[in-house]
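The next block holds one structure in the form of structure tokens; read it before the comments.
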Amino acid sequence: MFTRCPFCHKLVFSLFYPVHKRTHTKLKADGQMNEHITLAPKRRFEGSLAGVPKSYYHPSCRGATGMPEDIIRSYLANPFLYSGRTFCCGCGTYVSHADVYWVETGQALSEYFDNLRQEYLKVHGKPPPKQRV
């Protein structure tokens, strides 16, 4: 009857959810979605972000993009939450994790997320249930 929105975490009457979702996924002038899926604040990683990379570089356009803290804390708690694509501020479009590299470490995002997923599986044995979008 109700759907919990993975963007704002409010309960929305299921019949109205498609319209509600469009407000979150509407594209900004720069081509990025208005908002992105995150875990509810209480389910996000709560530890220190010291040493966690926060900006990535796309060699094709030479653009750098900073990742918002709510997204970082969400993927640290659930590395399966996001697809293998990310927004590039330089290109104004979504690009593969394999094509961008953390500014802080030089590591490809694809390798970084693969490592996080492997660590998660070692601890939990299986991926978390998929979030309904």
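In the structure tokens, the first chain shown is A, the next is B, and so on; residue numbers restart at 1 for each chain, and ligands run from 1 in the order shown.
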For stretch 49-124 of chain A versus stretch 24-44 of chain A, which residues have an atom no more than 7 Å away, and what is each residue's nearest atom pair and distance in Å rounded to one decimal, using only C-alpha atoms, chain-then-number order, as JSON lines?
```
{"residue": "A:Asp70", "atom": "CA", "partner": "A:Thr38", "partner_atom": "CA", "distance": 6.7}
{"residue": "A:Ile71", "atom": "CA", "partner": "A:Thr38", "partner_atom": "CA", "distance": 5.9}
{"residue": "A:Arg73", "atom": "CA", "partner": "A:Arg44", "partner_atom": "CA", "distance": 5.2}
{"residue": "A:Ser74", "atom": "CA", "partner": "A:Arg44", "partner_atom": "CA", "distance": 4.9}
{"residue": "A:Ala77", "atom": "CA", "partner": "A:Arg44", "partner_atom": "CA", "distance": 5.6}
{"residue": "A:Phe87", "atom": "CA", "partner": "A:Gln32", "partner_atom": "CA", "distance": 6.6}
{"residue": "A:Gly92", "atom": "CA", "partner": "A:Gly31", "partner_atom": "CA", "distance": 5.4}
{"residue": "A:Thr93", "atom": "CA", "partner": "A:Gly31", "partner_atom": "CA", "distance": 5.9}
```
Inset, instruction - From a DSSP calculation on the backbone, collect every residue of stretch 22-94 of chain A in strand (DSSP E) and output the set as JSON, numbers by chain. - result: {"A": [55, 56, 57, 58, 63, 64, 65, 66, 85, 86, 87, 88, 93, 94]}
Legend entry - helix (DSSP H, G or I) call set, DSSP backbone run, chain A, as an MDAnalysis selection string: chainID A and resid 14:25 41:43 69:77 97:99 109:124
Just to be explicit: take each residue in the selection above, keep N, CA and C atoms, and write the result as a CSV table (one decimal), in the first residue's frame.
```csv
chain,number,residue,atom,x,y,z
A,14,SER,N,1.7,4.0,-2.7
A,14,SER,CA,2.3,3.3,-3.8
A,14,SER,C,1.8,3.8,-5.2
A,15,LEU,N,0.5,4.1,-5.2
A,15,LEU,CA,-0.1,4.6,-6.5
A,15,LEU,C,0.6,5.9,-6.9
A,16,PHE,N,1.0,6.7,-6.0
A,16,PHE,CA,1.6,8.0,-6.3
A,16,PHE,C,3.1,7.9,-6.4
A,17,TYR,N,3.7,6.8,-6.1
A,17,TYR,CA,5.2,6.7,-6.1
A,17,TYR,C,5.8,7.0,-7.4
A,18,PRO,N,5.4,6.6,-8.6
A,18,PRO,CA,6.0,6.9,-9.8
A,18,PRO,C,6.2,8.4,-10.0
A,19,VAL,N,5.1,9.2,-9.7
A,19,VAL,CA,5.2,10.6,-9.8
A,19,VAL,C,6.2,11.2,-8.8
A,20,HIS,N,6.1,10.7,-7.6
A,20,HIS,CA,7.1,11.1,-6.5
A,20,HIS,C,8.5,10.9,-6.9
A,21,LYS,N,8.8,9.7,-7.5
A,21,LYS,CA,10.1,9.3,-7.9
A,21,LYS,C,10.7,10.3,-9.0
A,22,ARG,N,9.8,10.7,-9.9
A,22,ARG,CA,10.3,11.6,-10.9
A,22,ARG,C,10.8,12.9,-10.4
A,23,THR,N,10.3,13.4,-9.2
A,23,THR,CA,10.8,14.6,-8.6
A,23,THR,C,12.3,14.4,-8.2
A,24,HIS,N,12.6,13.2,-7.8
A,24,HIS,CA,14.0,13.0,-7.4
A,24,HIS,C,14.9,12.7,-8.6
A,25,THR,N,14.4,12.1,-9.6
A,25,THR,CA,15.3,11.7,-10.8
A,25,THR,C,15.3,12.7,-11.9
A,41,PRO,N,19.4,7.7,7.0
A,41,PRO,CA,20.5,8.1,7.8
A,41,PRO,C,21.0,7.2,8.9
A,42,LYS,N,20.1,6.5,9.6
A,42,LYS,CA,20.4,5.6,10.6
A,42,LYS,C,21.1,4.3,10.1
A,43,ARG,N,21.0,4.0,8.8
A,43,ARG,CA,21.6,2.8,8.3
A,43,ARG,C,22.9,3.1,7.6
A,69,GLU,N,28.8,13.3,0.9
A,69,GLU,CA,29.0,12.5,2.0
A,69,GLU,C,27.9,11.5,2.3
A,70,ASP,N,26.7,11.8,2.0
A,70,ASP,CA,25.6,10.9,2.2
A,70,ASP,C,25.7,9.7,1.3
A,71,ILE,N,26.2,9.9,0.1
A,71,ILE,CA,26.5,8.8,-0.8
A,71,ILE,C,27.6,7.9,-0.3
A,72,ILE,N,28.7,8.6,0.1
A,72,ILE,CA,29.9,7.8,0.6
A,72,ILE,C,29.5,7.0,1.8
A,73,ARG,N,28.8,7.5,2.7
A,73,ARG,CA,28.3,6.8,3.9
A,73,ARG,C,27.4,5.7,3.6
A,74,SER,N,26.6,5.9,2.5
A,74,SER,CA,25.6,4.8,2.1
A,74,SER,C,26.4,3.7,1.4
A,75,TYR,N,27.3,3.9,0.5
A,75,TYR,CA,28.0,2.8,-0.1
A,75,TYR,C,29.0,2.1,0.8
A,76,LEU,N,29.5,2.8,1.8
A,76,LEU,CA,30.4,2.1,2.8
A,76,LEU,C,29.6,1.1,3.6
A,77,ALA,N,28.3,1.4,3.9
A,77,ALA,CA,27.4,0.5,4.6
A,77,ALA,C,26.9,-0.6,3.7
A,97,HIS,N,32.5,3.2,-13.8
A,97,HIS,CA,33.5,3.3,-12.7
A,97,HIS,C,34.9,2.9,-13.2
A,98,ALA,N,34.9,2.1,-14.3
A,98,ALA,CA,36.2,1.7,-14.8
A,98,ALA,C,37.0,2.9,-15.5
A,99,ASP,N,36.3,4.0,-15.8
A,99,ASP,CA,36.9,5.1,-16.5
A,99,ASP,C,37.2,6.3,-15.6
A,109,LEU,N,37.6,3.4,-9.7
A,109,LEU,CA,36.4,3.2,-8.8
A,109,LEU,C,35.9,1.8,-9.0
A,110,SER,N,36.0,1.2,-10.2
A,110,SER,CA,35.6,-0.2,-10.4
A,110,SER,C,36.3,-1.2,-9.5
A,111,GLU,N,37.6,-1.0,-9.4
A,111,GLU,CA,38.4,-1.9,-8.5
A,111,GLU,C,38.1,-1.6,-7.0
A,112,TYR,N,37.9,-0.3,-6.7
A,112,TYR,CA,37.6,0.1,-5.3
A,112,TYR,C,36.3,-0.6,-4.8
A,113,PHE,N,35.3,-0.5,-5.7
A,113,PHE,CA,34.0,-1.0,-5.3
A,113,PHE,C,34.0,-2.5,-5.3
A,114,ASP,N,34.7,-3.2,-6.2
A,114,ASP,CA,34.9,-4.6,-6.2
A,114,ASP,C,35.5,-5.1,-4.9
A,115,ASN,N,36.5,-4.4,-4.4
A,115,ASN,CA,37.1,-4.7,-3.2
A,115,ASN,C,36.2,-4.5,-2.0
A,116,LEU,N,35.4,-3.4,-2.0
A,116,LEU,CA,34.4,-3.3,-0.9
A,116,LEU,C,33.4,-4.4,-0.9
A,117,ARG,N,32.9,-4.8,-2.1
A,117,ARG,CA,31.9,-5.8,-2.2
A,117,ARG,C,32.5,-7.2,-1.7
A,118,GLN,N,33.7,-7.5,-2.1
A,118,GLN,CA,34.3,-8.7,-1.6
A,118,GLN,C,34.5,-8.7,-0.1
A,119,GLU,N,34.9,-7.6,0.5
A,119,GLU,CA,35.0,-7.5,2.0
A,119,GLU,C,33.6,-7.7,2.6
A,120,TYR,N,32.6,-7.1,2.0
A,120,TYR,CA,31.2,-7.2,2.6
A,120,TYR,C,30.8,-8.7,2.6
A,121,LEU,N,31.1,-9.4,1.5
A,121,LEU,CA,30.7,-10.8,1.4
A,121,LEU,C,31.4,-11.7,2.4
A,122,LYS,N,32.7,-11.3,2.7
A,122,LYS,CA,33.4,-12.1,3.7
A,122,LYS,C,32.8,-12.0,5.0
A,123,VAL,N,32.3,-10.8,5.3
A,123,VAL,CA,31.7,-10.5,6.6
A,123,VAL,C,30.2,-11.1,6.7
A,124,HIS,N,29.4,-10.8,5.7
A,124,HIS,CA,28.0,-11.1,5.7
A,124,HIS,C,27.6,-12.4,4.9
```
Legend entry - Selection near A:Gly66, 9 Å with only C-alpha atoms, sequence-local residues under 5 positions removed, as a list in words: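 With the cut-off at 9 Å, the set is Lys54, Ser55, Tyr56 and Cys89 of chain A.
One distance worth recording is that between atom CA of A:Glu104 and atom CA of A:Phe45, which is 20.1 Å.
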Legend entry - Atom-to-atom span, atom CA of A:Ala64 and atom CA of A:Gly51, Å: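 Distance between the two atoms: 18.2 Å.
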